[in-house]
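A.B. asks: Here's a structure for you.
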Amino acid sequence: MNLKLSERLLLIAESVRGEGTVADIGTDHGYIPIWLIQHEACRKVILSDINSGPLEKARGNIRRHLPDVSLDIRQGTGISVLQDGEADAVIIAGMGGILIRDILAENEEKTKSFPKFILQPRNYARRLRTWIEKTPYLEITDESLAREGRRLCEIITV
């Protein structure tokens, strides 16, 4: 049974299609990694969240949608759960723009080691954009909008 994604999650997932390894930071329910594996959109996914509750939710969804697949699930803060350059694309979606900025700013060398980020701030997108524009090793390469209920969500490729 293939998982159906909202417009926002589908745009995020499609933006990493063809990447070798994708990390979903703050995975929550694990829907994007599940969709990526179901559609053979990447070779490997890493799911990460700071809290155990969302990871348990993701594990349950994985058992339901991918019963015969073992995925790499890690608990920890931001991109600290990743080795330098371990992922070809890193998704950080559904959290505030200031938190996303802080995650990327925490370890400049680690951030530089990843070639692509898909960022979807829930708020403070302008502050995140301003920081990206002032950060010499980051560049916005694509942008899209997705409707989710009454909200219009920005998806920023860096």
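Chain lettering (A, B, ...) mirrors the order of the structure tokens, residue numbering begins at 1 for each chain separately, and ligand numbering begins at 1 in order of display.
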Can you pull out every residue from chain A that DSSP, working from the backbone, puts in strand (DSSP E or B), and format the result as a PyMOL selection string?
C.D. replies: chain A and resi 21-25+44-49+72-75+89-95+117-121+142-148+151-157
A.B. asks: Name all residues at most 9 Å from Ala41 of chain A (count only C-alpha atoms; drop same-chain ones fewer than 5 positions away) and give them as a list in words.
C.D. replies: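 So the residues in contact are Ala13, Glu14, Val16, Arg17, Gly18, Glu19, Gly20, Trp35 and Leu36 of chain A.
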A.B. asks: Distance atom CA of Val158 of chain A-atom CA of Lys116 of chain A, one decimal place?
C.D. replies: 5.8 Å
A.B. asks: Considering only C-alpha atoms, return as number ranges by chain whatever protein or nucleic-acid residues lie within 9 Å of segment 21-33 of chain A, sequence-local ones (same chain, fewer than 6 positions apart) excluded.
C.D. replies: A: 3-5, 9-10, 12-13, 42-51, 53-62, 71, 77-79, 81-82, 86-95
A.B. asks: Provide the atom CA of Arg101 of chain A to atom CA of Arg74 of chain A distance in Å, to one decimal place.
C.D. replies: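 That distance, rounded to one decimal, is 20.9 Å.
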A.B. asks: Could you pull out the residues in segment 5-157 of chain A that DSSP calls helix (DSSP H, G or I) from the backbone, as JSON, numbers by chain?
C.D. replies: {"A": [7, 8, 9, 10, 11, 12, 13, 14, 31, 32, 33, 34, 35, 36, 37, 38, 52, 53, 54, 55, 56, 57, 58, 59, 60, 61, 62, 63, 64, 65, 78, 79, 80, 81, 97, 98, 99, 100, 101, 102, 103, 104, 105, 106, 108, 109, 110, 111, 112, 125, 126, 127, 128, 129, 130, 131, 132, 133, 134]}
A.B. asks: So, counting only C-alpha atoms, which residue among A:Ser80, A:Ser70, A:Lys110, A:Arg127 is closest to Ile98 of chain A?
C.D. replies: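 Of A:Ser80, A:Ser70, A:Lys110, A:Arg127, the one nearest Ile98 of chain A is A:Arg127, counting only C-alpha atoms.
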A.B. asks: Near Leu138 of chain A, within 10 Å and counting only C-alpha atoms, which residues show up once chain neighbours fewer than 3 positions away are dropped, as a list of chain:residue names?
C.D. replies: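 In the requested format, the answer is A:Thr111, A:Lys112, A:Pro115, A:Lys116, A:Phe117, A:Trp131, A:Ile132, A:Glu133, A:Lys134, A:Thr135, A:Thr141, A:Val158.
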A.B. asks: So that I can check the surroundings of Ile155 of chain A, please list as a PyMOL selection string every protein, DNA and RNA residue that reaches within 7 Å of it, counting only C-alpha atoms and ignoring chain neighbours fewer than 3 positions away.
C.D. replies: chain A and resi 118-120+143-145
